[in-house]
Structures are given as C-alpha cells and as structure tokens.
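Peer 1: Below is the file query-v8.txt, with compact mmCIF, C-alpha atoms and all ligand atoms.
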# COMPACT_ATOMS: atom_id res chain seq x y z
CA MET A 18 17.43 303.60 124.23
CA MET A 19 18.94 300.44 122.85
CA PRO A 20 18.33 299.50 119.22
CA PHE A 21 15.06 297.69 118.70
CA ASN A 22 15.63 293.97 118.70
CA LYS A 23 12.60 292.22 117.25
CA GLU A 24 13.83 288.69 117.84
CA LEU A 25 14.59 289.37 121.47
CA LEU A 26 11.21 291.01 121.98
CA THR A 27 9.38 288.06 120.42
CA LYS A 28 11.33 285.57 122.51
CA ALA A 29 10.73 287.39 125.78
CA THR A 30 7.06 287.91 124.94
CA GLU A 31 6.56 284.24 124.17
CA ILE A 32 8.15 283.16 127.43
CA ILE A 33 5.92 285.52 129.40
CA GLY A 34 2.60 285.16 127.65
CA GLY A 35 2.75 282.46 124.98
CA GLU A 36 1.60 282.72 121.38
CA ASP A 37 -1.32 285.04 122.14
CA ALA A 38 1.08 287.54 123.68
CA VAL A 39 3.24 287.45 120.56
CA LYS A 40 0.14 288.14 118.43
CA LEU A 41 -0.79 290.98 120.76
CA VAL A 42 2.65 292.58 120.57
CA GLU A 43 2.55 292.31 116.77
CA ALA A 44 -0.78 294.13 116.83
CA ILE A 45 0.56 296.96 119.00
CA ARG A 46 3.54 297.27 116.73
CA SER A 47 1.36 297.74 113.68
CA LEU A 48 -1.23 299.96 115.40
CA GLY A 49 1.17 302.12 117.42
CA GLU A 50 -0.14 303.48 120.68
CA THR A 51 -3.56 301.92 120.98
CA THR A 52 -6.41 300.74 123.19
CA ASP A 53 -7.30 297.23 124.35
CA ASP A 54 -10.47 297.03 122.28
CA LYS A 55 -8.60 297.96 119.10
CA ILE A 56 -6.06 295.24 119.90
CA ALA A 57 -8.92 292.77 120.40
CA ILE A 58 -10.34 293.66 116.97
CA GLU A 59 -6.92 293.49 115.29
CA THR A 60 -6.03 290.09 116.79
CA GLY A 61 -9.49 288.53 116.92
CA MET A 62 -8.84 287.76 120.59
CA ARG A 63 -11.40 288.18 123.35
CA LEU A 64 -11.17 291.51 125.18
CA ASN A 65 -10.75 289.78 128.56
CA ASN A 66 -7.86 287.78 127.22
CA VAL A 67 -6.27 290.89 125.68
CA ARG A 68 -6.47 292.69 129.03
CA LYS A 69 -5.07 289.75 130.94
CA ILE A 70 -2.06 289.54 128.64
CA LEU A 71 -1.55 293.32 128.63
CA TYR A 72 -1.31 293.37 132.44
CA ARG A 73 1.01 290.41 132.38
CA LEU A 74 3.29 292.06 129.82
CA SER A 75 3.20 295.34 131.71
CA ASN A 76 4.42 293.55 134.84
CA TYR A 77 7.52 292.73 132.83
CA SER A 78 7.68 296.25 131.35
CA ILE A 79 7.24 295.00 127.81
CA VAL A 80 4.24 297.24 127.38
CA SER A 81 3.24 300.32 129.28
CA SER A 82 0.05 302.34 129.42
CA THR A 83 -0.98 305.91 129.85
CA ARG A 84 -4.32 306.82 131.34
CA SER A 85 -6.49 309.67 130.20
CA ARG A 86 -10.11 310.66 130.65
CA ASP A 87 -12.44 310.50 127.71
CA PRO A 88 -13.87 314.05 127.50
CA GLU A 89 -17.26 312.77 126.30
CA SER A 90 -17.98 309.78 128.53
CA GLY A 91 -15.75 310.81 131.43
CA TRP A 92 -14.36 307.27 131.54
CA PHE A 93 -10.70 306.45 131.77
CA ILE A 94 -9.01 305.34 128.59
CA PHE A 95 -5.83 303.30 128.72
CA LYS A 96 -3.49 303.55 125.79
CA TRP A 97 -0.89 300.86 125.41
CA ARG A 98 2.46 300.94 123.71
CA LEU A 99 5.54 298.79 123.46
CA GLN A 100 8.51 299.44 125.64
CA PRO A 101 11.26 297.65 123.75
CA ASP A 102 13.96 299.56 125.62
CA GLN A 103 12.98 297.51 128.68
CA ILE A 104 13.51 294.16 127.01
CA GLU A 105 17.24 294.13 127.54
CA GLY A 106 16.64 294.62 131.25
CA TYR A 107 14.20 291.75 131.28
CA VAL A 108 16.65 289.45 129.53
CA GLN A 109 19.37 290.47 131.99
CA ASN A 110 17.02 289.59 134.83
CA VAL A 111 16.28 286.18 133.40
CA LYS A 112 20.00 285.57 132.95
CA LYS A 113 20.66 286.57 136.52
CA ARG A 114 18.02 284.13 137.78
CA ILE A 115 19.49 281.33 135.65
CA LEU A 116 22.95 282.17 136.98
CA GLU A 117 21.72 281.91 140.57
CA LYS A 118 20.12 278.55 139.84
CA LEU A 119 23.30 277.25 138.24
CA LYS A 120 25.39 278.42 141.19
CA THR A 121 23.06 276.62 143.62
CA ARG A 122 23.23 273.50 141.45
CA LEU A 123 27.03 273.68 141.30
CA LYS A 124 27.28 274.02 145.06
CA TYR A 125 25.03 270.98 145.47
CA GLU A 126 27.25 268.98 143.11
CA GLU A 127 30.39 270.10 144.91
CA ASP A 128 28.99 269.39 148.37
CA HIS A 129 27.85 265.85 147.64
CA GLU A 130 29.20 262.53 146.50
CA PHE A 131 26.92 260.55 144.24
CA TYR A 132 26.35 256.90 143.55
CA SER A 133 24.55 255.31 140.64
CA CYS A 134 23.82 251.97 139.04
CA SER A 135 24.69 251.49 135.36
CA ASN A 136 21.07 251.91 134.33
CA PRO A 137 20.68 255.25 132.50
CA SER A 138 17.01 255.59 133.45
CA CYS A 139 17.71 255.43 137.20
CA LYS A 140 18.54 258.48 139.29
CA ARG A 141 21.75 259.18 141.12
CA VAL A 142 21.76 258.77 144.88
CA VAL A 143 23.74 260.88 147.34
CA PHE A 144 26.28 259.12 149.54
CA GLU A 145 24.19 259.24 152.72
CA ASP A 146 21.23 257.61 150.95
CA ALA A 147 23.46 255.08 149.20
CA MET A 148 24.74 253.96 152.60
CA GLU A 149 21.22 253.48 153.88
CA LEU A 150 20.38 251.49 150.76
CA ILE A 151 23.47 249.35 151.37
CA PHE A 152 24.67 250.51 147.94
CA HIS A 153 21.84 249.11 145.93
CA CYS A 154 19.77 251.16 143.50
CA PRO A 155 16.31 251.88 144.98
CA GLU A 156 14.79 251.57 141.53
CA CYS A 157 16.38 248.54 139.87
CA ARG A 158 18.22 246.95 142.83
CA GLN A 159 21.52 246.84 140.91
CA PRO A 160 24.66 247.65 142.90
CA LEU A 161 25.52 251.33 143.22
CA LYS A 162 28.93 252.56 142.17
CA HIS A 163 30.61 255.87 142.79
CA PHE A 164 29.44 258.38 140.21
CA ASP A 165 32.04 260.60 138.57
CA LYS A 166 30.55 264.08 138.75
CA GLY A 167 33.59 265.69 137.15
CA LYS A 168 31.91 266.23 133.79
CA THR A 169 28.73 267.69 135.31
CA VAL A 170 30.73 270.08 137.48
CA GLU A 171 32.84 271.10 134.52
CA ILE A 172 29.78 271.86 132.36
CA LEU A 173 28.16 273.86 135.16
CA ARG A 174 31.32 275.90 135.79
CA LYS A 175 31.68 276.64 132.10
CA ARG A 176 28.06 277.76 131.74
CA ILE A 177 28.38 279.97 134.84
CA GLU A 178 31.51 281.58 133.40
CA GLU A 179 29.75 282.21 130.09
CA LEU A 180 26.77 283.83 131.77
CA LYS A 181 29.01 285.96 133.98
CA ASN A 182 30.90 287.18 130.92
CA GLU A 183 27.69 287.94 129.06
CA SER A 184 26.39 289.99 131.98
CA GLY A 185 29.73 291.73 132.32
CA GLU A 186 30.21 290.52 135.89
ZN ZN A 201 19.08 251.46 139.02
Would you mind writing the structure in this file as structure tokens?

Peer 2:
Amino acid sequence: MMPFNKELLTKATEIIGGEDAVKLVEAIRSLGETTDDKIAIETGMRLNNVRKILYRLSNYSIVSSTRSRDPESGWFIFKWRLQPDQIEGYVQNVKKRILEKLKTRLKYEEDHEFYSCSNPSCKRVVFEDAMELIFHCPECRQPLKHFDKGKTVEILRKRIEELKNESGE
C-alpha cells in the first residue's frame, strides 16, 4: 500500500463529488469504519445525500463497503471505509484520459491549417472553412490570415511529454 496522501485524496474526492464528498471523507477518516447513518450525523448531511455520494465514491474506489447481517433485525448493514491505496490508481487513470485528449488535440492541430483575424475574441477557422468564407472572419468580417500554430503545437507536445514521463511511459 502506498503512503497515505491526504492532499491527493482530498483533490480526487472534490473532483468526483464536490465539497460534500470532501466532508464525507473527513467524517469517515475520523470515525474509522462506519455506517451511512453515522456519517449523516457526523456531517449534518441528509442520509440520501450521504448514500448518493458513498456510491459515487465507491465507483471510483475511494471508499469501499463490507456487508453484514444485523443479528437482531436481520437487515443488512453496510460499513464504509476509505481506500486510500486506490487513489493513486485513480489519479493515474485521470492522467491517462488527459493524455489521450491531448494526443487527439495535437493530431487535430497537426492535421489542419488555421486562419484567423487579428481580433483575439474571434475563433480560428480551418483552411477549408476559410476558403468558403473567402478568407473573411465569420464573426467580425475582418480578413483572415494564416495562423501560426507552432506555439500551440509546441505547448501540446511538451505537456504530452511531461505526462508520459510522470506515468512512466
Ligand atoms: Zn474576427
């Protein structure tokens, strides 16, 4: 198991479930293995909301539950606990998804030529569209000039390299 990284856990939790999820994780950390109704009491959150977030977090393996039968009532009891050893895997997954997106974006940049007016609030236009527009910006009607994508491509390549290094690819 990797060393417990509180900051990483909080960040991942917030992305997945927002502030309520962070509160919930804090509660489980202080209570230890616990039930949803105890978490609801600890956080002051509604039980339905607590359950919703617990299932969401369990989909990402941030929390896990064990099921047992209450000997008195015969009902199932779910006990929840943190699974911080899974966080690193989650972060790696997110990084992988970002990497894929960046690669797609880079390919798009490499495969196209772009044209733009000098207006920073207008969007770039790909060559084929620029031709159809007779090289005039569809938004401000200013003439379109060839857009130097060199910087964008460079930034994308650099970020892709960084992510690949971080993931040990
Ligand atoms: Zn324009």

Peer 1: For His153 in chain A, which of A:Cys134, A:Asp87, A:Cys139, A:Lys40 is the closest residue, counting only C-alpha atoms?

Peer 2: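 Going through A:Cys134, A:Asp87, A:Cys139, A:Lys40 one by one, the smallest distance to His153 in chain A is for A:Cys134.
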
Peer 1: Given all atoms listed in the file as the basis, pick out the residue of A:Ser184, A:Ser133, A:Thr169, A:Asn76 nearest to ligand ZN 201 (chain A).

Peer 2: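 Nearest candidate to ligand ZN 201 (chain A) out of A:Ser184, A:Ser133, A:Thr169, A:Asn76: A:Ser133.
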
Peer 1: Tell me, as an NGL selection string, which residues lie within 9 Å of Ile56 in chain A, counting only C-alpha atoms; anything in the same chain fewer than 6 positions away does not count.

Peer 2: :A and (41 or 44-45 or 48 or 62 or 64 or 67)

Peer 1: Would you output that residue set with C-alpha atoms, as a PDB file, in the frame of the given file?

Peer 2:
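Wrote selection12.pdb, looks like this:
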ATOM      1  CA  LEU A  41      -0.790 290.980 120.760  1.00  0.00           C
ATOM      2  CA  ALA A  44      -0.780 294.130 116.830  1.00  0.00           C
ATOM      3  CA  ILE A  45       0.560 296.960 119.000  1.00  0.00           C
ATOM      4  CA  LEU A  48      -1.230 299.960 115.400  1.00  0.00           C
ATOM      5  CA  MET A  62      -8.840 287.760 120.590  1.00  0.00           C
ATOM      6  CA  LEU A  64     -11.170 291.510 125.180  1.00  0.00           C
ATOM      7  CA  VAL A  67      -6.270 290.890 125.680  1.00  0.00           C
TER       8      VAL A  67
END

Peer 1: Could you work out how far CA of Asp37 in chain A lies from CA of Gly61 in chain A, giving the answer in Å with one decimal?

Peer 2: 10.3 Å

Peer 1: How would you report the residues lying within 8 Å of ligand ZN 201 (chain A), as number ranges by chain, if you count all atoms listed in the file?

Peer 2: A: 133-140, 153-161

Peer 1: Excluding same-chain residues fewer than 5 positions from Lys112 in chain A, what lies within 12 Å of it counting all atoms listed in the file, as a CSV table (one decimal) with C-alpha atoms, in the frame of the given file?

Peer 2:
chain,number,residue,atom,x,y,z
A,29,ALA,CA,10.7,287.4,125.8
A,105,GLU,CA,17.2,294.1,127.5
A,106,GLY,CA,16.6,294.6,131.2
A,107,TYR,CA,14.2,291.8,131.3
A,117,GLU,CA,21.7,281.9,140.6
A,118,LYS,CA,20.1,278.6,139.8
A,119,LEU,CA,23.3,277.2,138.2
A,176,ARG,CA,28.1,277.8,131.7
A,177,ILE,CA,28.4,280.0,134.8
A,179,GLU,CA,29.8,282.2,130.1
A,180,LEU,CA,26.8,283.8,131.8
A,181,LYS,CA,29.0,286.0,134.0
A,182,ASN,CA,30.9,287.2,130.9
A,183,GLU,CA,27.7,287.9,129.1
A,184,SER,CA,26.4,290.0,132.0
A,185,GLY,CA,29.7,291.7,132.3
A,186,GLU,CA,30.2,290.5,135.9

Peer 1: One number please: CA of Leu71 in chain A to CA of Glu36 in chain A, in Å, one decimal.

Peer 2: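 Computed distance, CA of Leu71 in chain A to CA of Glu36 in chain A, equals 13.2 Å.
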
Peer 1: Counting only C-alpha atoms, figure out which residue out of A:Val142, A:Ala57, A:Ile33, A:Val170 gets nearest to Glu126 in chain A.

Peer 2: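 Checking each candidate against Glu126 in chain A, we get A:Val170 as the closest.
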
Peer 1: I'd like to know which of A:Arg73, A:Thr60, A:Arg114, A:Ser90 is closest to Glu31 in chain A, using all atoms listed in the file.

Peer 2: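 Of the candidates, the smallest distance to Glu31 in chain A is held by A:Arg73.
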
Peer 1: Record the distance separating CA of Tyr132 in chain A and CA of Lys162 in chain A, expressed in Å with one decimal.

Peer 2: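 Atom-to-atom, CA of Tyr132 in chain A to CA of Lys162 in chain A, that is 5.2 Å.
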
Peer 1: With distances taken over all atoms listed in the file, which residue among A:Val111, A:Glu178, A:Thr30, A:Asp54 lies nearest Leu74 in chain A?

Peer 2: A:Thr30

Peer 1: Would you please work out which residue, of A:Phe93, A:Phe152, A:Leu25, A:Lys168, is nearest to Gln109 in chain A when using all atoms listed in the file?

Peer 2: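 For Gln109 in chain A, the nearest of the candidates is A:Leu25.
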
Peer 1: Can you list, as a list in words, every protein, DNA or RNA residue that comes within 12 Å of Ile94 in chain A when you count all atoms listed in the file, leaving out same-chain residues fewer than 6 positions away?

Peer 2: Thr51, Thr52, Asp53, Asp54, Ser82, Thr83, Arg84, Ser85, Arg86, Asp87 and Pro88 of chain A
